[in-house]
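Right, one structure below, let's go through it.
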Amino acid sequence: MANDKFEPQGELSEVEVKLECLRLATEFGPEFDRKDPLPKAQEYFDWATKKNSKRQPEKTAKKKV
């Protein structure tokens, strides 16, 4: 899979994103975090889904008349 080209298949559901975060936490996390991976997976999920200005399309400022 590491050599396969990533081809998006559409939108991921929230459950799919959470499962991917859990997979990352258990597969690549340190031994301490792998014993209880849910907090680290939640941290990954929160980071991946947070709404911040860098990911949002820029809004044009409206002038008040």
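Residue names in the structure tokens use chain letters A, B, ... in the order shown, residue numbers from 1 in each chain, and ligand numbers from 1 in the order shown.
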What's the 10 Å shell around region 15-25 of chain A, counting only C-alpha atoms, without same-chain residues fewer than 2 positions away, as a count of residues only?
22
Mind the document's chain letters and residue numbers, and return as a ChimeraX atom specification the residues of region 9-42 of chain A that DSSP labels helix (DSSP H, G or I).
/A:14-28,31-35,38-42
Export N, CA and C atoms of the chosen residues as a PDB file, in the first residue's frame?
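File written: result13.pdb
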ATOM      1  N   GLU A  14     -17.508  10.368   9.315  1.00  0.00           N
ATOM      2  CA  GLU A  14     -16.875  10.627  10.609  1.00  0.00           C
ATOM      3  C   GLU A  14     -16.355   9.335  11.231  1.00  0.00           C
ATOM      4  N   VAL A  15     -17.102   8.263  11.076  1.00  0.00           N
ATOM      5  CA  VAL A  15     -16.686   6.968  11.629  1.00  0.00           C
ATOM      6  C   VAL A  15     -15.408   6.494  10.953  1.00  0.00           C
ATOM      7  N   GLU A  16     -15.299   6.656   9.640  1.00  0.00           N
ATOM      8  CA  GLU A  16     -14.092   6.244   8.919  1.00  0.00           C
ATOM      9  C   GLU A  16     -12.880   7.056   9.363  1.00  0.00           C
ATOM     10  N   VAL A  17     -13.075   8.333   9.598  1.00  0.00           N
ATOM     11  CA  VAL A  17     -11.970   9.178  10.065  1.00  0.00           C
ATOM     12  C   VAL A  17     -11.545   8.745  11.467  1.00  0.00           C
ATOM     13  N   LYS A  18     -12.517   8.472  12.335  1.00  0.00           N
ATOM     14  CA  LYS A  18     -12.192   8.026  13.690  1.00  0.00           C
ATOM     15  C   LYS A  18     -11.449   6.696  13.672  1.00  0.00           C
ATOM     16  N   LEU A  19     -11.880   5.776  12.826  1.00  0.00           N
ATOM     17  CA  LEU A  19     -11.198   4.483  12.737  1.00  0.00           C
ATOM     18  C   LEU A  19      -9.768   4.637  12.211  1.00  0.00           C
ATOM     19  N   GLU A  20      -9.581   5.533  11.267  1.00  0.00           N
ATOM     20  CA  GLU A  20      -8.235   5.777  10.747  1.00  0.00           C
ATOM     21  C   GLU A  20      -7.347   6.387  11.823  1.00  0.00           C
ATOM     22  N   CYS A  21      -7.885   7.288  12.617  1.00  0.00           N
ATOM     23  CA  CYS A  21      -7.125   7.873  13.721  1.00  0.00           C
ATOM     24  C   CYS A  21      -6.748   6.806  14.743  1.00  0.00           C
ATOM     25  N   LEU A  22      -7.663   5.899  15.025  1.00  0.00           N
ATOM     26  CA  LEU A  22      -7.370   4.805  15.943  1.00  0.00           C
ATOM     27  C   LEU A  22      -6.292   3.896  15.379  1.00  0.00           C
ATOM     28  N   ARG A  23      -6.356   3.621  14.085  1.00  0.00           N
ATOM     29  CA  ARG A  23      -5.326   2.787  13.446  1.00  0.00           C
ATOM     30  C   ARG A  23      -3.958   3.452  13.560  1.00  0.00           C
ATOM     31  N   LEU A  24      -3.900   4.749  13.301  1.00  0.00           N
ATOM     32  CA  LEU A  24      -2.633   5.466  13.394  1.00  0.00           C
ATOM     33  C   LEU A  24      -2.092   5.449  14.820  1.00  0.00           C
ATOM     34  N   ALA A  25      -2.982   5.631  15.803  1.00  0.00           N
ATOM     35  CA  ALA A  25      -2.553   5.639  17.202  1.00  0.00           C
ATOM     36  C   ALA A  25      -2.016   4.284  17.635  1.00  0.00           C
ATOM     37  N   THR A  26      -2.615   3.204  17.145  1.00  0.00           N
ATOM     38  CA  THR A  26      -2.156   1.874  17.561  1.00  0.00           C
ATOM     39  C   THR A  26      -0.970   1.389  16.738  1.00  0.00           C
ATOM     40  N   GLU A  27      -0.886   1.802  15.489  1.00  0.00           N
ATOM     41  CA  GLU A  27       0.185   1.321  14.625  1.00  0.00           C
ATOM     42  C   GLU A  27       1.494   2.086  14.818  1.00  0.00           C
ATOM     43  N   PHE A  28       1.400   3.391  15.010  1.00  0.00           N
ATOM     44  CA  PHE A  28       2.606   4.209  15.043  1.00  0.00           C
ATOM     45  C   PHE A  28       2.893   4.851  16.394  1.00  0.00           C
ATOM     46  N   GLU A  31       4.763   2.675  22.785  1.00  0.00           N
ATOM     47  CA  GLU A  31       4.211   1.558  23.560  1.00  0.00           C
ATOM     48  C   GLU A  31       3.263   2.041  24.649  1.00  0.00           C
ATOM     49  N   PHE A  32       3.616   3.114  25.319  1.00  0.00           N
ATOM     50  CA  PHE A  32       2.773   3.648  26.393  1.00  0.00           C
ATOM     51  C   PHE A  32       1.390   4.028  25.868  1.00  0.00           C
ATOM     52  N   ASP A  33       1.334   4.657  24.698  1.00  0.00           N
ATOM     53  CA  ASP A  33       0.046   5.075  24.128  1.00  0.00           C
ATOM     54  C   ASP A  33      -0.726   3.910  23.533  1.00  0.00           C
ATOM     55  N   ARG A  34      -0.049   2.865  23.133  1.00  0.00           N
ATOM     56  CA  ARG A  34      -0.748   1.716  22.537  1.00  0.00           C
ATOM     57  C   ARG A  34      -1.516   0.904  23.566  1.00  0.00           C
ATOM     58  N   LYS A  35      -1.169   1.042  24.828  1.00  0.00           N
ATOM     59  CA  LYS A  35      -1.919   0.333  25.875  1.00  0.00           C
ATOM     60  C   LYS A  35      -3.332   0.881  25.998  1.00  0.00           C
ATOM     61  N   LEU A  38      -7.181   5.212  22.822  1.00  0.00           N
ATOM     62  CA  LEU A  38      -8.320   6.093  22.562  1.00  0.00           C
ATOM     63  C   LEU A  38      -8.032   7.582  22.797  1.00  0.00           C
ATOM     64  N   PRO A  39      -7.345   7.959  23.877  1.00  0.00           N
ATOM     65  CA  PRO A  39      -7.059   9.400  24.038  1.00  0.00           C
ATOM     66  C   PRO A  39      -6.193   9.960  22.898  1.00  0.00           C
ATOM     67  N   LYS A  40      -5.199   9.214  22.459  1.00  0.00           N
ATOM     68  CA  LYS A  40      -4.342   9.679  21.367  1.00  0.00           C
ATOM     69  C   LYS A  40      -5.131   9.716  20.061  1.00  0.00           C
ATOM     70  N   ALA A  41      -5.985   8.729  19.823  1.00  0.00           N
ATOM     71  CA  ALA A  41      -6.816   8.721  18.617  1.00  0.00           C
ATOM     72  C   ALA A  41      -7.768   9.916  18.627  1.00  0.00           C
ATOM     73  N   GLN A  42      -8.321  10.245  19.786  1.00  0.00           N
ATOM     74  CA  GLN A  42      -9.206  11.404  19.897  1.00  0.00           C
ATOM     75  C   GLN A  42      -8.435  12.694  19.623  1.00  0.00           C
TER      76      GLN A  42
END
